[in-house]
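The file data.pdb comes next; it holds PDB, C-alpha atoms.
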ATOM      1  CA  MET A   1       8.023   7.096  25.065
ATOM      2  CA  SER A   2      10.174   7.362  21.932
ATOM      3  CA  PRO A   3       8.450   6.428  18.656
ATOM      4  CA  SER A   4      10.558   3.302  18.188
ATOM      5  CA  ALA A   5       9.669   2.127  21.718
ATOM      6  CA  ALA A   6       5.920   2.270  21.073
ATOM      7  CA  PRO A   7       4.200  -1.092  20.562
ATOM      8  CA  ILE A   8       3.715  -1.921  16.887
ATOM      9  CA  SER A   9       0.189  -3.254  17.423
ATOM     10  CA  ARG A  10      -2.437  -3.336  20.131
ATOM     11  CA  TYR A  11      -2.485  -7.122  19.662
ATOM     12  CA  PRO A  12       0.327  -9.448  20.706
ATOM     13  CA  VAL A  13       3.165  -9.726  18.213
ATOM     14  CA  PRO A  14       4.442 -13.296  17.979
ATOM     15  CA  ALA A  15       8.149 -14.012  18.258
ATOM     16  CA  LEU A  16       9.735 -14.907  14.936
ATOM     17  CA  ASP A  17      10.853 -18.294  16.290
ATOM     18  CA  ASP A  18       7.270 -19.148  17.279
ATOM     19  CA  LEU A  19       5.838 -18.667  13.790
ATOM     20  CA  PRO A  20       5.044 -21.455  11.322
ATOM     21  CA  ASP A  21       8.012 -22.236   9.085
ATOM     22  CA  ASP A  22       6.509 -20.758   5.894
ATOM     23  CA  ILE A  23       5.646 -17.456   7.559
ATOM     24  CA  ARG A  24       9.000 -17.201   9.310
ATOM     25  CA  ALA A  25      10.800 -17.915   6.010
ATOM     26  CA  ARG A  26       8.813 -15.204   4.235
ATOM     27  CA  ILE A  27       9.511 -12.659   6.957
ATOM     28  CA  GLU A  28      13.209 -13.520   7.005
ATOM     29  CA  ALA A  29      13.387 -13.119   3.204
ATOM     30  CA  VAL A  30      11.821  -9.656   3.496
ATOM     31  CA  GLN A  31      14.234  -8.772   6.283
ATOM     32  CA  GLU A  32      17.197  -9.851   4.164
ATOM     33  CA  LYS A  33      16.028  -7.776   1.198
ATOM     34  CA  ALA A  34      14.906  -4.655   3.095
ATOM     35  CA  GLY A  35      17.331  -4.721   6.005
ATOM     36  CA  PHE A  36      14.465  -4.691   8.520
ATOM     37  CA  ILE A  37      11.120  -6.396   9.122
ATOM     38  CA  PRO A  38       8.164  -4.173   8.211
ATOM     39  CA  ASN A  39       5.817  -4.137  11.187
ATOM     40  CA  VAL A  40       2.862  -5.235   9.069
ATOM     41  CA  PHE A  41       4.416  -8.703   8.760
ATOM     42  CA  LEU A  42       4.791  -9.098  12.508
ATOM     43  CA  ALA A  43       1.393  -7.626  13.339
ATOM     44  CA  LEU A  44      -0.507  -9.786  10.853
ATOM     45  CA  ALA A  45       1.398 -12.927  11.859
ATOM     46  CA  TYR A  46      -0.815 -12.916  14.970
ATOM     47  CA  ARG A  47      -3.336 -14.827  12.794
ATOM     48  CA  PRO A  48      -1.300 -17.139  10.500
ATOM     49  CA  ALA A  49      -4.121 -18.267   8.187
ATOM     50  CA  GLU A  50      -5.190 -14.663   7.588
ATOM     51  CA  PHE A  51      -1.542 -13.626   7.123
ATOM     52  CA  ARG A  52      -1.189 -16.174   4.310
ATOM     53  CA  ALA A  53      -4.425 -15.064   2.603
ATOM     54  CA  PHE A  54      -3.561 -11.372   2.946
ATOM     55  CA  MET A  55      -0.071 -11.820   1.542
ATOM     56  CA  ALA A  56      -1.267 -13.997  -1.332
ATOM     57  CA  TYR A  57      -3.767 -11.362  -2.477
ATOM     58  CA  HIS A  58      -1.275  -8.538  -1.856
ATOM     59  CA  ASP A  59       1.306 -10.291  -4.022
ATOM     60  CA  ALA A  60      -1.222 -11.041  -6.778
ATOM     61  CA  LEU A  61      -2.051  -7.331  -6.994
ATOM     62  CA  MET A  62       1.253  -5.624  -6.280
ATOM     63  CA  ASP A  63       3.819  -8.000  -7.820
ATOM     64  CA  LYS A  64       1.917  -8.611 -11.045
ATOM     65  CA  GLU A  65       3.892  -8.394 -14.280
ATOM     66  CA  GLY A  66       2.765  -5.911 -16.910
ATOM     67  CA  GLY A  67      -0.031  -3.401 -16.892
ATOM     68  CA  LEU A  68       0.317  -0.748 -14.218
ATOM     69  CA  THR A  69       3.867   0.135 -13.244
ATOM     70  CA  PRO A  70       5.037  -0.614  -9.705
ATOM     71  CA  ALA A  71       5.068   3.148  -9.020
ATOM     72  CA  GLU A  72       1.471   3.526 -10.276
ATOM     73  CA  ARG A  73       0.354   0.681  -7.996
ATOM     74  CA  GLU A  74       1.985   2.417  -5.036
ATOM     75  CA  MET A  75       0.405   5.757  -6.014
ATOM     76  CA  ILE A  76      -2.997   4.106  -5.659
ATOM     77  CA  VAL A  77      -2.078   2.765  -2.224
ATOM     78  CA  VAL A  78      -0.766   6.118  -0.992
ATOM     79  CA  ALA A  79      -3.714   8.169  -2.279
ATOM     80  CA  THR A  80      -6.429   5.845  -0.984
ATOM     81  CA  SER A  81      -4.610   5.205   2.300
ATOM     82  CA  SER A  82      -4.426   8.946   2.834
ATOM     83  CA  ALA A  83      -8.173   9.214   2.239
ATOM     84  CA  ASN A  84      -8.672   6.396   4.768
ATOM     85  CA  GLN A  85      -6.321   8.113   7.244
ATOM     86  CA  CYS A  86      -4.070   5.071   7.499
ATOM     87  CA  GLN A  87      -0.784   6.274   8.946
ATOM     88  CA  TYR A  88       0.956   2.922   8.507
ATOM     89  CA  CYS A  89       0.148   2.526   4.820
ATOM     90  CA  VAL A  90       0.815   6.161   3.895
ATOM     91  CA  ILE A  91       4.236   6.041   5.549
ATOM     92  CA  ALA A  92       5.245   2.525   4.434
ATOM     93  CA  HIS A  93       3.894   2.664   0.886
ATOM     94  CA  GLY A  94       5.000   6.270   0.535
ATOM     95  CA  ALA A  95       8.539   5.022   1.110
ATOM     96  CA  ILE A  96       8.104   2.282  -1.491
ATOM     97  CA  LEU A  97       6.647   4.821  -3.946
ATOM     98  CA  ARG A  98       9.629   7.138  -3.476
ATOM     99  CA  VAL A  99      11.965   4.247  -4.275
ATOM    100  CA  TYR A 100      10.037   3.042  -7.352
ATOM    101  CA  ALA A 101       9.460   6.548  -8.726
ATOM    102  CA  LYS A 102      12.996   7.691  -7.859
ATOM    103  CA  ASP A 103      11.353  10.874  -6.622
ATOM    104  CA  SER A 104      11.742  12.047  -3.025
ATOM    105  CA  ARG A 105       8.669  14.341  -3.197
ATOM    106  CA  ILE A 106       6.012  12.321  -5.000
ATOM    107  CA  ALA A 107       4.644  10.358  -2.033
ATOM    108  CA  ASP A 108       4.204  13.473   0.103
ATOM    109  CA  GLN A 109       2.454  15.237  -2.768
ATOM    110  CA  ILE A 110       0.080  12.353  -3.429
ATOM    111  CA  ALA A 111      -0.676  11.785   0.256
ATOM    112  CA  THR A 112      -1.451  15.456   0.789
ATOM    113  CA  ASN A 113      -3.395  16.205  -2.407
ATOM    114  CA  TYR A 114      -2.854  14.019  -5.461
ATOM    115  CA  ARG A 115      -4.709  16.571  -7.624
ATOM    116  CA  LYS A 116      -1.781  18.985  -7.151
ATOM    117  CA  ALA A 117       0.969  16.358  -7.363
ATOM    118  CA  ASP A 118       3.556  16.368 -10.129
ATOM    119  CA  ILE A 119       1.927  13.534 -12.068
ATOM    120  CA  GLY A 120       0.607  13.251 -15.599
ATOM    121  CA  PRO A 121      -2.979  13.039 -16.848
ATOM    122  CA  ARG A 122      -2.838   9.224 -16.960
ATOM    123  CA  GLN A 123      -1.974   8.989 -13.271
ATOM    124  CA  ARG A 124      -4.497  11.692 -12.367
ATOM    125  CA  ALA A 125      -7.295   9.732 -14.088
ATOM    126  CA  MET A 126      -6.110   6.563 -12.350
ATOM    127  CA  LEU A 127      -6.173   8.207  -8.919
ATOM    128  CA  ASP A 128      -9.536   9.897  -9.550
ATOM    129  CA  PHE A 129     -10.981   6.448 -10.228
ATOM    130  CA  ALA A 130      -9.167   4.798  -7.301
ATOM    131  CA  MET A 131     -10.553   7.431  -4.958
ATOM    132  CA  LYS A 132     -14.055   6.802  -6.290
ATOM    133  CA  VAL A 133     -13.600   3.084  -5.631
ATOM    134  CA  ALA A 134     -12.373   3.926  -2.113
ATOM    135  CA  GLY A 135     -15.187   6.308  -1.235
ATOM    136  CA  ALA A 136     -18.127   5.958  -3.592
ATOM    137  CA  ALA A 137     -17.878   2.618  -5.408
ATOM    138  CA  GLN A 138     -21.662   2.399  -5.616
ATOM    139  CA  GLU A 139     -21.590   5.345  -8.046
ATOM    140  CA  ILE A 140     -19.199   3.773 -10.577
ATOM    141  CA  GLY A 141     -20.625   3.431 -14.052
ATOM    142  CA  GLU A 142     -19.534   2.805 -17.611
ATOM    143  CA  ALA A 143     -18.603   6.483 -18.030
ATOM    144  CA  ASP A 144     -15.891   6.018 -15.391
ATOM    145  CA  LEU A 145     -14.414   3.083 -17.274
ATOM    146  CA  ALA A 146     -14.656   4.930 -20.595
ATOM    147  CA  ALA A 147     -12.723   7.881 -19.138
ATOM    148  CA  LEU A 148      -9.965   5.507 -18.034
ATOM    149  CA  GLU A 149      -9.839   3.915 -21.473
ATOM    150  CA  VAL A 150      -9.390   7.378 -22.991
ATOM    151  CA  ALA A 151      -6.510   7.902 -20.544
ATOM    152  CA  GLY A 152      -4.862   4.756 -21.917
ATOM    153  CA  PHE A 153      -5.947   1.988 -19.537
ATOM    154  CA  ASP A 154      -7.332  -1.334 -20.729
ATOM    155  CA  ARG A 155     -10.056  -3.259 -18.883
ATOM    156  CA  ASP A 156      -7.570  -5.463 -17.007
ATOM    157  CA  GLU A 157      -5.643  -2.417 -15.785
ATOM    158  CA  ILE A 158      -8.927  -0.829 -14.682
ATOM    159  CA  TRP A 159      -9.676  -4.002 -12.697
ATOM    160  CA  ASP A 160      -6.238  -3.706 -11.088
ATOM    161  CA  ILE A 161      -6.858  -0.080 -10.082
ATOM    162  CA  ALA A 162     -10.161  -1.057  -8.472
ATOM    163  CA  ALA A 163      -8.755  -4.173  -6.804
ATOM    164  CA  ILE A 164      -5.777  -2.321  -5.320
ATOM    165  CA  ALA A 165      -7.995   0.464  -3.977
ATOM    166  CA  ALA A 166     -10.446  -2.060  -2.520
ATOM    167  CA  PHE A 167      -7.790  -4.341  -1.026
ATOM    168  CA  PHE A 168      -6.007  -1.466   0.654
ATOM    169  CA  GLY A 169      -9.318  -0.186   2.006
ATOM    170  CA  MET A 170      -9.445  -3.433   3.983
ATOM    171  CA  SER A 171      -5.752  -3.209   4.825
ATOM    172  CA  ASN A 172      -6.133   0.406   6.005
ATOM    173  CA  ARG A 173      -8.981  -0.544   8.287
ATOM    174  CA  MET A 174      -7.040  -3.437   9.830
ATOM    175  CA  ALA A 175      -3.947  -1.255  10.305
ATOM    176  CA  ASN A 176      -6.051   1.418  12.004
ATOM    177  CA  PHE A 177      -7.919  -1.143  14.111
ATOM    178  CA  THR A 178      -4.694  -2.749  15.345
ATOM    179  CA  ASP A 179      -2.995   0.653  15.798
ATOM    180  CA  MET A 180      -0.164  -0.601  13.607
ATOM    181  CA  ARG A 181       2.900   1.644  13.805
ATOM    182  CA  PRO A 182       5.196   2.340  10.846
ATOM    183  CA  ASN A 183       8.826   1.324  11.184
ATOM    184  CA  ASP A 184      11.251   4.187  11.743
ATOM    185  CA  GLU A 185      13.165   3.033   8.645
ATOM    186  CA  PHE A 186      10.280   3.992   6.343
ATOM    187  CA  TYR A 187      10.432   7.700   7.155
ATOM    188  CA  MET A 188      13.710   8.359   5.348
ATOM    189  CA  LEU A 189      13.622   5.574   2.746
ATOM    190  CA  GLY A 190      13.851   7.014  -0.758
ATOM    191  CA  ARG A 191      14.339  10.588   0.409
ATOM    192  CA  ARG A 192      18.016  10.825  -0.534
ATOM    193  CA  ALA A 193      19.374  10.021  -3.966
TER     194      ALA A 193
END
Would you give me this structure, written as structure tokens?
Amino acid sequence: MSPSAAPISRYPVPALDDLPDDIRARIEAVQEKAGFIPNVFLALAYRPAEFRAFMAYHDALMDKEGGLTPAEREMIVVATSSANQCQYCVIAHGAILRVYAKDSRIADQIATNYRKADIGPRQRAMLDFAMKVAGAAQEIGEADLAALEVAGFDRDEIWDIAAIAAFFGMSNRMANFTDMRPNDEFYMLGRRA
């Protein structure tokens, strides 16, 4: 079976025409902007109420004005999704990171080993903390927050780092559980200038 012929989820994917109007309108807007429908939208539309809640929290974290840059937000997603072995999120958010960072290599570097990626000390401190949230949140203490403040983050930005890492931990687990497949379009997005 070719990759594009594989099912995008182990759960039924509703037809666009069968979705509630608000969800269909959102998916169509994404399709118009991106040129395709990311599989996450179709897979999560299986449960409309949860789709709405997921997207509302996603947007609150990822589309927020100020603070972390869009590329920094995506770095957090790629690094923690790699740690959680979430193929969908590494591939999809890696593509978004490449576009935001205007760097065709950065997502691969961060997904493989962010400690060796071509990033600055600010981003390294951010990802160190995000990874601690993702894997050992019970160990976080004031020293962790103080280190981030030294790196230039304020308390609201630190909250955002933690919230993004935590939210995508849930997202990674749902993507893995549903066997969500990345769209073919993501693989080359942002790789050519």
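Among A:Met126, A:Leu42, A:Ala117, A:Ala166, the residue with the shortest atom-to-atom distance to Thr69 (chain A), counting all atoms listed in the file, is A:Met126.
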Give one line per residue of region 80-127 of chain A that approaches region 169-172 of chain A to at most 12 Å, naming the two atoms of the closest pair and their distance in Å to one decimal, counting only C-alpha atoms; sort by chain then ascending residue number and deliver it as a Markdown table.
| residue | atom | partner | partner_atom | distance |
| --- | --- | --- | --- | --- |
| A:Thr80 | CA | A:Gly169 | CA | 7.3 |
| A:Ser81 | CA | A:Asn172 | CA | 6.3 |
| A:Ser82 | CA | A:Asn172 | CA | 9.3 |
| A:Ala83 | CA | A:Gly169 | CA | 9.5 |
| A:Asn84 | CA | A:Asn172 | CA | 6.6 |
| A:Gln85 | CA | A:Asn172 | CA | 7.8 |
| A:Cys86 | CA | A:Asn172 | CA | 5.3 |
| A:Gln87 | CA | A:Asn172 | CA | 8.5 |
| A:Tyr88 | CA | A:Asn172 | CA | 7.9 |
| A:Cys89 | CA | A:Asn172 | CA | 6.7 |
| A:Val90 | CA | A:Asn172 | CA | 9.3 |
| A:Ile91 | CA | A:Asn172 | CA | 11.8 |
| A:Ala92 | CA | A:Asn172 | CA | 11.7 |
| A:His93 | CA | A:Asn172 | CA | 11.5 |
Item to check | Residues near Phe167 (chain A), cut-off 10 Å, only C-alpha atoms, skip fewer than 5 positions along chain, as a ChimeraX atom specification | outcome: /A:54,57-58,61,77,134,162,172
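Here CA of Ala34 (chain A) and CA of Pro182 (chain A) stand 14.3 Å from one another.
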Checklist entry - Applied to the shown file, which residues does the PyMOL selection byres ((chain A and resi 129) around 10) return, written as an NGL selection string? => result :A and (76 or 123-128 or 130-137 or 140 or 144-145 or 147-148 or 158 or 161-162 or 165)
Checklist entry - In Å to one decimal, how far is CA of Tyr100 (chain A) from CA of Pro70 (chain A)? => result 6.6 Å
Next on the checklist: Please return as a ChimeraX atom specification every residue within 12 Å of (13.5, -0.7, -4.9), taking into account all atoms listed in the file and the file's own coordinates.
Outcome noted: /A:33-34,70-71,74,93,95-103,189-190
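With all atoms listed in the file as the atoms that count, the residue of A:Asp118, A:Asp179, A:Asp108, A:Glu139 with the shortest distance to Asn39 (chain A) is A:Asp179.
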Checklist entry - Looking at A:Asp17, A:Ala146, A:Met75, A:Ala53, which one is nearest to Asn113 (chain A), with distances taken over only C-alpha atoms? => result A:Met75
Next on the checklist: What's around Ile23 (chain A) at 9 Å? Count all atoms listed in the file, leave out sequence neighbours fewer than 6 positions away in its own chain, and write the answer as a PyMOL selection string.
Outcome noted: chain A and resi 16+41+45+48+51-52
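CA of Asp18 (chain A) is positioned 21.8 Å from CA of Ala6 (chain A).
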Item to check | Selection: 10 Å around Asn183 (chain A), only C-alpha atoms, excl. self and same-chain fewer than 3 positions, as a list in words | outcome: Pro3, Ser4, Ile8, Phe36, Ile37, Pro38, Asn39, Val40, Tyr88, Ile91, Ala92, Met180, Phe186 and Tyr187 of chain A
Next on the checklist: For this structure, which residues satisfy the selection - the PyMOL selection byres ((chain A and resi 178) around 10) - when it is evaluated on the file as given? I want them as a ChimeraX atom specification.
Outcome noted: /A:8-12,43-44,172-177,179-181
Box centre and edge lengths (Å, one decimal), axis-aligned, region 117-123 of chain A plus 4 Å each side, as JSON:
{"center_x": 0.3, "center_y": 12.7, "center_z": -12.2, "size_x": 14.5, "size_y": 15.4, "size_z": 17.6}
